[in-house]
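**Student:** Pasting query.pdb below, which is PDB, N, CA and C atoms.
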```
ATOM      1  N   MET A  20      29.806 -45.059  48.693
ATOM      2  CA  MET A  20      29.558 -44.868  50.114
ATOM      3  C   MET A  20      30.612 -45.584  50.943
ATOM      4  N   SER A  21      31.020 -46.766  50.497
ATOM      5  CA  SER A  21      32.004 -47.524  51.278
ATOM      6  C   SER A  21      33.353 -46.816  51.296
ATOM      7  N   HIS A  22      33.678 -46.065  50.221
ATOM      8  CA  HIS A  22      34.941 -45.327  50.209
ATOM      9  C   HIS A  22      34.913 -44.202  51.247
ATOM     10  N   CYS A  23      33.790 -43.567  51.387
ATOM     11  CA  CYS A  23      33.645 -42.487  52.370
ATOM     12  C   CYS A  23      33.809 -43.030  53.788
ATOM     13  N   ILE A  24      33.189 -44.162  54.043
ATOM     14  CA  ILE A  24      33.292 -44.771  55.369
ATOM     15  C   ILE A  24      34.724 -45.201  55.642
ATOM     16  N   SER A  25      35.387 -45.768  54.629
ATOM     17  CA  SER A  25      36.768 -46.218  54.841
ATOM     18  C   SER A  25      37.690 -45.032  55.084
ATOM     19  N   ARG A  26      37.465 -43.894  54.399
ATOM     20  CA  ARG A  26      38.297 -42.721  54.633
ATOM     21  C   ARG A  26      38.122 -42.192  56.059
ATOM     22  N   ILE A  27      36.905 -42.183  56.537
ATOM     23  CA  ILE A  27      36.647 -41.729  57.906
ATOM     24  C   ILE A  27      37.298 -42.681  58.898
ATOM     25  N   PHE A  28      37.204 -43.988  58.632
ATOM     26  CA  PHE A  28      37.784 -44.986  59.524
ATOM     27  C   PHE A  28      39.312 -44.872  59.564
ATOM     28  N   VAL A  29      39.931 -44.661  58.405
ATOM     29  CA  VAL A  29      41.398 -44.517  58.350
ATOM     30  C   VAL A  29      41.820 -43.254  59.101
ATOM     31  N   ALA A  30      41.112 -42.155  58.913
ATOM     32  CA  ALA A  30      41.455 -40.920  59.612
ATOM     33  C   ALA A  30      41.308 -41.097  61.125
ATOM     34  N   PHE A  31      40.281 -41.812  61.543
ATOM     35  CA  PHE A  31      40.078 -42.065  62.977
ATOM     36  C   PHE A  31      41.201 -42.920  63.548
ATOM     37  N   LEU A  32      41.627 -43.939  62.804
ATOM     38  CA  LEU A  32      42.719 -44.787  63.276
ATOM     39  C   LEU A  32      44.034 -44.025  63.345
ATOM     40  N   ARG A  33      44.255 -43.111  62.417
ATOM     41  CA  ARG A  33      45.488 -42.319  62.459
ATOM     42  C   ARG A  33      45.538 -41.453  63.710
ATOM     43  N   LEU A  34      44.373 -40.995  64.163
ATOM     44  CA  LEU A  34      44.346 -40.209  65.396
ATOM     45  C   LEU A  34      44.641 -41.072  66.622
ATOM     46  N   LEU A  35      44.149 -42.310  66.600
ATOM     47  CA  LEU A  35      44.305 -43.169  67.773
ATOM     48  C   LEU A  35      45.663 -43.838  67.861
ATOM     49  N   LEU A  36      46.211 -44.279  66.756
ATOM     50  CA  LEU A  36      47.459 -45.031  66.763
ATOM     51  C   LEU A  36      48.647 -44.089  66.763
ATOM     52  N   SER A  37      49.820 -44.626  67.091
ATOM     53  CA  SER A  37      51.016 -43.803  67.172
ATOM     54  C   SER A  37      51.412 -43.294  65.793
ATOM     55  N   ALA A  38      52.136 -42.215  65.790
ATOM     56  CA  ALA A  38      52.536 -41.581  64.540
ATOM     57  C   ALA A  38      53.643 -42.388  63.873
ATOM     58  N   PRO A  39      53.675 -42.409  62.550
ATOM     59  CA  PRO A  39      54.756 -43.109  61.864
ATOM     60  C   PRO A  39      56.047 -42.316  62.022
ATOM     61  N   GLY A  40      57.176 -43.000  61.967
ATOM     62  CA  GLY A  40      58.462 -42.332  62.102
ATOM     63  C   GLY A  40      59.431 -43.203  62.881
ATOM     64  N   ARG A  41      60.606 -42.626  63.175
ATOM     65  CA  ARG A  41      61.613 -43.392  63.905
ATOM     66  C   ARG A  41      61.271 -43.412  65.387
ATOM     67  N   HIS A  42      61.462 -44.558  65.963
ATOM     68  CA  HIS A  42      61.227 -44.725  67.395
ATOM     69  C   HIS A  42      62.527 -45.173  68.045
ATOM     70  N   ARG A  43      62.614 -44.946  69.303
ATOM     71  CA  ARG A  43      63.787 -45.372  70.042
ATOM     72  C   ARG A  43      63.802 -46.897  70.091
ATOM     73  N   SER A  44      64.954 -47.464  69.879
ATOM     74  CA  SER A  44      65.038 -48.922  69.895
ATOM     75  C   SER A  44      64.892 -49.427  71.323
ATOM     76  N   ALA A  45      64.483 -50.671  71.456
ATOM     77  CA  ALA A  45      64.219 -51.245  72.773
ATOM     78  C   ALA A  45      65.497 -51.443  73.575
ATOM     79  N   GLY A  46      66.652 -51.565  72.923
ATOM     80  CA  GLY A  46      67.900 -51.832  73.634
ATOM     81  C   GLY A  46      68.625 -50.595  74.102
ATOM     82  N   SER A  47      68.178 -49.405  73.779
ATOM     83  CA  SER A  47      68.907 -48.199  74.156
ATOM     84  C   SER A  47      68.652 -47.862  75.622
ATOM     85  N   PRO A  48      69.655 -47.308  76.307
ATOM     86  CA  PRO A  48      69.470 -46.953  77.725
ATOM     87  C   PRO A  48      68.563 -45.729  77.854
ATOM     88  N   PRO A  49      67.871 -45.591  78.984
ATOM     89  CA  PRO A  49      67.021 -44.410  79.172
ATOM     90  C   PRO A  49      67.874 -43.150  79.281
ATOM     91  N   ALA A  50      67.322 -42.052  78.918
ATOM     92  CA  ALA A  50      68.042 -40.779  78.961
ATOM     93  C   ALA A  50      68.290 -40.373  80.410
ATOM     94  N   ALA A  51      69.473 -39.828  80.665
ATOM     95  CA  ALA A  51      69.838 -39.390  82.017
ATOM     96  C   ALA A  51      69.107 -38.087  82.322
ATOM     97  N   PRO A  52      68.655 -37.909  83.576
ATOM     98  CA  PRO A  52      67.969 -36.655  83.913
ATOM     99  C   PRO A  52      68.928 -35.476  83.820
ATOM    100  N   SER A  53      68.422 -34.356  83.383
ATOM    101  CA  SER A  53      69.227 -33.155  83.220
ATOM    102  C   SER A  53      69.484 -32.521  84.589
ATOM    103  N   GLU A  54      70.592 -31.794  84.695
ATOM    104  CA  GLU A  54      70.973 -31.173  85.965
ATOM    105  C   GLU A  54      70.085 -29.972  86.304
ATOM    106  N   GLY A  55      69.624 -29.242  85.314
ATOM    107  CA  GLY A  55      68.894 -28.008  85.566
ATOM    108  C   GLY A  55      67.399 -28.198  85.830
ATOM    109  N   ILE A  56      66.873 -29.395  85.631
ATOM    110  CA  ILE A  56      65.439 -29.608  85.788
ATOM    111  C   ILE A  56      65.155 -30.178  87.176
ATOM    112  N   PRO A  57      64.335 -29.519  87.983
ATOM    113  CA  PRO A  57      64.023 -30.060  89.312
ATOM    114  C   PRO A  57      63.116 -31.297  89.170
ATOM    115  N   THR A  58      63.368 -32.290  90.014
ATOM    116  CA  THR A  58      62.579 -33.516  89.956
ATOM    117  C   THR A  58      61.390 -33.474  90.904
ATOM    118  N   GLU A  59      61.386 -32.588  91.880
ATOM    119  CA  GLU A  59      60.258 -32.510  92.810
ATOM    120  C   GLU A  59      59.135 -31.665  92.204
ATOM    121  N   PRO A  60      57.896 -31.993  92.506
ATOM    122  CA  PRO A  60      56.781 -31.241  91.909
ATOM    123  C   PRO A  60      56.708 -29.827  92.472
ATOM    124  N   LEU A  61      56.143 -28.935  91.685
ATOM    125  CA  LEU A  61      55.976 -27.553  92.113
ATOM    126  C   LEU A  61      54.884 -27.468  93.175
ATOM    127  N   PRO A  62      55.004 -26.536  94.118
ATOM    128  CA  PRO A  62      53.958 -26.406  95.142
ATOM    129  C   PRO A  62      52.664 -25.912  94.497
ATOM    130  N   ARG A  63      51.570 -26.475  94.943
ATOM    131  CA  ARG A  63      50.261 -26.098  94.400
ATOM    132  C   ARG A  63      49.686 -24.954  95.210
ATOM    133  N   LEU A  64      49.205 -23.959  94.514
ATOM    134  CA  LEU A  64      48.572 -22.827  95.168
ATOM    135  C   LEU A  64      47.098 -23.149  95.373
ATOM    136  N   PRO A  65      46.510 -22.708  96.466
ATOM    137  CA  PRO A  65      45.082 -22.982  96.676
ATOM    138  C   PRO A  65      44.247 -22.235  95.639
ATOM    139  N   ARG A  66      43.279 -22.924  95.099
ATOM    140  CA  ARG A  66      42.399 -22.323  94.107
ATOM    141  C   ARG A  66      41.290 -21.559  94.822
ATOM    142  N   PRO A  67      40.982 -20.352  94.348
ATOM    143  CA  PRO A  67      39.913 -19.587  95.005
ATOM    144  C   PRO A  67      38.558 -20.235  94.723
ATOM    145  N   VAL A  68      37.683 -20.159  95.687
ATOM    146  CA  VAL A  68      36.343 -20.697  95.539
ATOM    147  C   VAL A  68      35.499 -19.660  94.803
ATOM    148  N   LEU A  69      34.902 -20.079  93.701
ATOM    149  CA  LEU A  69      34.085 -19.164  92.908
ATOM    150  C   LEU A  69      32.626 -19.303  93.290
ATOM    151  N   ARG A  70      31.982 -18.169  93.484
ATOM    152  CA  ARG A  70      30.550 -18.171  93.743
ATOM    153  C   ARG A  70      29.822 -18.034  92.415
ATOM    154  N   GLY A  71      28.567 -18.375  92.398
ATOM    155  CA  GLY A  71      27.789 -18.292  91.177
ATOM    156  C   GLY A  71      27.629 -16.873  90.681
ATOM    157  N   GLU A  72      27.626 -15.896  91.594
ATOM    158  CA  GLU A  72      27.468 -14.511  91.198
ATOM    159  C   GLU A  72      28.719 -13.964  90.535
ATOM    160  N   ASP A  73      29.884 -14.593  90.817
ATOM    161  CA  ASP A  73      31.143 -14.099  90.282
ATOM    162  C   ASP A  73      31.391 -14.565  88.853
ATOM    163  N   ILE A  74      30.674 -15.558  88.413
ATOM    164  CA  ILE A  74      30.909 -16.130  87.096
ATOM    165  C   ILE A  74      29.940 -15.487  86.109
ATOM    166  N   GLY A  75      30.460 -15.057  84.974
ATOM    167  CA  GLY A  75      29.640 -14.390  83.981
ATOM    168  C   GLY A  75      28.860 -15.345  83.093
ATOM    169  N   LEU A  76      29.120 -16.645  83.191
ATOM    170  CA  LEU A  76      28.441 -17.595  82.331
ATOM    171  C   LEU A  76      27.076 -17.951  82.906
ATOM    172  N   VAL A  77      26.057 -17.844  82.084
ATOM    173  CA  VAL A  77      24.694 -18.150  82.504
ATOM    174  C   VAL A  77      24.066 -19.008  81.420
ATOM    175  N   ARG A  78      23.255 -19.948  81.824
ATOM    176  CA  ARG A  78      22.563 -20.796  80.848
ATOM    177  C   ARG A  78      21.631 -19.941  80.003
ATOM    178  N   PRO A  79      21.657 -20.130  78.676
ATOM    179  CA  PRO A  79      20.831 -19.270  77.820
ATOM    180  C   PRO A  79      19.343 -19.429  78.053
ATOM    181  N   TYR A  80      18.878 -20.608  78.453
ATOM    182  CA  TYR A  80      17.445 -20.774  78.670
ATOM    183  C   TYR A  80      16.987 -20.007  79.913
ATOM    184  N   LEU A  81      17.868 -19.806  80.890
ATOM    185  CA  LEU A  81      17.500 -18.994  82.051
ATOM    186  C   LEU A  81      17.368 -17.526  81.671
ATOM    187  N   VAL A  82      18.282 -17.053  80.819
ATOM    188  CA  VAL A  82      18.216 -15.667  80.368
ATOM    189  C   VAL A  82      16.944 -15.452  79.554
ATOM    190  N   ALA A  83      16.606 -16.404  78.685
ATOM    191  CA  ALA A  83      15.403 -16.274  77.861
ATOM    192  C   ALA A  83      14.148 -16.256  78.730
ATOM    193  N   HIS A  84      14.125 -17.087  79.763
ATOM    194  CA  HIS A  84      12.965 -17.126  80.665
ATOM    195  C   HIS A  84      12.791 -15.786  81.382
ATOM    196  N   GLU A  85      13.885 -15.226  81.872
ATOM    197  CA  GLU A  85      13.808 -13.936  82.560
ATOM    198  C   GLU A  85      13.373 -12.829  81.604
ATOM    199  N   GLN A  86      13.832 -12.883  80.356
ATOM    200  CA  GLN A  86      13.418 -11.876  79.384
ATOM    201  C   GLN A  86      11.928 -11.981  79.093
ATOM    202  N   ARG A  87      11.417 -13.223  78.975
ATOM    203  CA  ARG A  87       9.983 -13.397  78.729
ATOM    204  C   ARG A  87       9.160 -12.870  79.900
ATOM    205  N   GLN A  88       9.612 -13.125  81.126
ATOM    206  CA  GLN A  88       8.893 -12.616  82.299
ATOM    207  C   GLN A  88       8.875 -11.085  82.309
ATOM    208  N   GLU A  89       9.999 -10.472  81.976
ATOM    209  CA  GLU A  89      10.077  -9.012  81.956
ATOM    210  C   GLU A  89       9.175  -8.437  80.865
ATOM    211  N   GLU A  90       9.168  -9.056  79.686
ATOM    212  CA  GLU A  90       8.285  -8.587  78.615
ATOM    213  C   GLU A  90       6.815  -8.721  79.013
ATOM    214  N   ARG A  91       6.457  -9.819  79.679
ATOM    215  CA  ARG A  91       5.079 -10.029  80.116
ATOM    216  C   ARG A  91       4.682  -8.985  81.166
ATOM    217  N   ARG A  92       5.627  -8.662  82.063
ATOM    218  CA  ARG A  92       5.353  -7.665  83.096
ATOM    219  C   ARG A  92       5.133  -6.288  82.472
ATOM    220  N   GLN A  93       5.885  -5.959  81.421
ATOM    221  CA  GLN A  93       5.720  -4.671  80.762
ATOM    222  C   GLN A  93       4.476  -4.641  79.872
ATOM    223  N   ARG A  94       4.071  -5.792  79.368
ATOM    224  CA  ARG A  94       2.934  -5.862  78.455
ATOM    225  C   ARG A  94       1.593  -5.665  79.180
ATOM    226  N   THR A  95       1.514  -6.045  80.445
ATOM    227  CA  THR A  95       0.246  -5.983  81.183
ATOM    228  C   THR A  95      -0.342  -4.575  81.241
ATOM    229  N   PRO A  96       0.398  -3.542  81.663
ATOM    230  CA  PRO A  96      -0.221  -2.204  81.685
ATOM    231  C   PRO A  96      -0.553  -1.685  80.284
ATOM    232  N   ARG A  97       0.247  -2.053  79.293
ATOM    233  CA  ARG A  97      -0.049  -1.617  77.928
ATOM    234  C   ARG A  97      -1.367  -2.205  77.447
ATOM    235  N   ARG A  98      -1.564  -3.486  77.746
ATOM    236  CA  ARG A  98      -2.808  -4.146  77.334
ATOM    237  C   ARG A  98      -4.005  -3.515  78.049
ATOM    238  N   ALA A  99      -3.843  -3.223  79.340
ATOM    239  CA  ALA A  99      -4.941  -2.601  80.087
ATOM    240  C   ALA A  99      -5.280  -1.236  79.508
ATOM    241  N   LEU A 100      -4.275  -0.450  79.117
ATOM    242  CA  LEU A 100      -4.523   0.861  78.535
ATOM    243  C   LEU A 100      -5.202   0.732  77.171
ATOM    244  N   TRP A 101      -4.764  -0.223  76.367
ATOM    245  CA  TRP A 101      -5.383  -0.425  75.054
ATOM    246  C   TRP A 101      -6.843  -0.834  75.202
ATOM    247  N   LEU A 102      -7.127  -1.733  76.162
ATOM    248  CA  LEU A 102      -8.511  -2.151  76.381
ATOM    249  C   LEU A 102      -9.355  -1.008  76.932
ATOM    250  N   ALA A 103      -8.749  -0.139  77.771
ATOM    251  CA  ALA A 103      -9.495   0.997  78.321
ATOM    252  C   ALA A 103      -9.884   1.974  77.221
ATOM    253  N   VAL A 104      -9.028   2.139  76.234
ATOM    254  CA  VAL A 104      -9.344   3.013  75.108
ATOM    255  C   VAL A 104     -10.576   2.496  74.374
ATOM    256  N   HIS A 105     -10.732   1.187  74.328
ATOM    257  CA  HIS A 105     -11.868   0.585  73.633
ATOM    258  C   HIS A 105     -13.058   0.326  74.552
ATOM    259  N   GLY A 106     -13.019   0.850  75.783
ATOM    260  CA  GLY A 106     -14.162   0.788  76.674
ATOM    261  C   GLY A 106     -14.244  -0.456  77.534
ATOM    262  N   ILE A 107     -13.169  -1.205  77.655
ATOM    263  CA  ILE A 107     -13.178  -2.418  78.477
ATOM    264  C   ILE A 107     -12.325  -2.156  79.708
ATOM    265  N   ASP A 108     -12.921  -2.361  80.903
ATOM    266  CA  ASP A 108     -12.204  -2.098  82.151
ATOM    267  C   ASP A 108     -11.593  -3.389  82.679
ATOM    268  N   VAL A 109     -10.276  -3.443  82.690
ATOM    269  CA  VAL A 109      -9.568  -4.588  83.277
ATOM    270  C   VAL A 109      -8.573  -4.095  84.317
ATOM    271  N   GLY A 110      -8.822  -2.918  84.860
ATOM    272  CA  GLY A 110      -7.911  -2.295  85.796
ATOM    273  C   GLY A 110      -7.799  -3.048  87.106
ATOM    274  N   PRO A 111      -7.107  -2.473  88.036
ATOM    275  CA  PRO A 111      -6.894  -3.144  89.322
ATOM    276  C   PRO A 111      -8.181  -3.266  90.115
ATOM    277  N   ARG A 112      -8.304  -4.341  90.841
ATOM    278  CA  ARG A 112      -9.486  -4.563  91.675
ATOM    279  C   ARG A 112      -9.312  -3.913  93.042
ATOM    280  N   LEU A 113      -8.071  -3.627  93.440
ATOM    281  CA  LEU A 113      -7.800  -2.946  94.709
ATOM    282  C   LEU A 113      -7.121  -1.624  94.411
ATOM    283  N   ILE A 114      -7.710  -0.543  94.863
ATOM    284  CA  ILE A 114      -7.086   0.763  94.730
ATOM    285  C   ILE A 114      -6.955   1.342  96.125
ATOM    286  N   HIS A 115      -5.741   1.597  96.546
ATOM    287  CA  HIS A 115      -5.431   2.109  97.882
ATOM    288  C   HIS A 115      -6.017   1.211  98.981
ATOM    289  N   GLY A 116      -6.013  -0.076  98.758
ATOM    290  CA  GLY A 116      -6.472  -1.024  99.768
ATOM    291  C   GLY A 116      -7.964  -1.207  99.816
ATOM    292  N   VAL A 117      -8.720  -0.540  98.939
ATOM    293  CA  VAL A 117     -10.179  -0.661  98.926
ATOM    294  C   VAL A 117     -10.558  -1.403  97.649
ATOM    295  N   GLU A 118     -11.406  -2.414  97.799
ATOM    296  CA  GLU A 118     -11.836  -3.182  96.644
ATOM    297  C   GLU A 118     -12.785  -2.356  95.784
ATOM    298  N   VAL A 119     -12.481  -2.301  94.496
ATOM    299  CA  VAL A 119     -13.294  -1.510  93.566
ATOM    300  C   VAL A 119     -14.151  -2.478  92.764
ATOM    301  N   VAL A 120     -15.445  -2.219  92.705
ATOM    302  CA  VAL A 120     -16.364  -3.067  91.933
ATOM    303  C   VAL A 120     -16.590  -2.386  90.597
ATOM    304  N   ALA A 121     -16.477  -3.123  89.539
ATOM    305  CA  ALA A 121     -16.631  -2.542  88.196
ATOM    306  C   ALA A 121     -18.043  -2.259  87.849
TER     307      ALA A 121
END
```
Let me see the file written as structure tokens.
**Tutor:**
Amino acid sequence: MSHCISRIFVAFLRLLLSAPGRHRSAGSPPAAPSEGIPTEPLPRLPRPVLRGEDIGLVRPYLVAHEQRQEERRQRTPRRALWLAVHGIDVGPRLIHGVEVVA
């Protein structure tokens, strides 16, 4: 187990520390800037403001909730029809604005 931990630790340190190889010596002068490279920053373009409707990404739990609501809405008339076949009335209590007594 300790070998596994040490291998993970060594790999992690290799990611964090500088890479092995030749480095520039401390006494060398800095490189002169090239003539063709502009030193001033590029102008920034304004970023468009995105609305929530424009983005296709949606949280999966919101999609699942909406699907469950839609399934429940479709299941209600089916259940009422199945119960009516078996002689149980669970239909609407208001028909054309008039209260119906079972």
**Student:** Rounded to one decimal place, report the atom N of A:Gln86-atom C of A:Ala99 distance in Å.
**Tutor:**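 Rounded to one decimal, the two atoms are 22.4 Å apart.
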**Student:** Please report the interatomic distance between atom C of A:Val109 and atom C of A:Arg97 in Å with one decimal.
**Tutor:**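 Distance between the two atoms: 10.1 Å.
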**Student:** What is the distance, in Å and to one decimal place, between atom CA of A:Asp73 and atom N of A:Arg87?
**Tutor:**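 Pair atom CA of A:Asp73 / atom N of A:Arg87 returns 22.8 Å.
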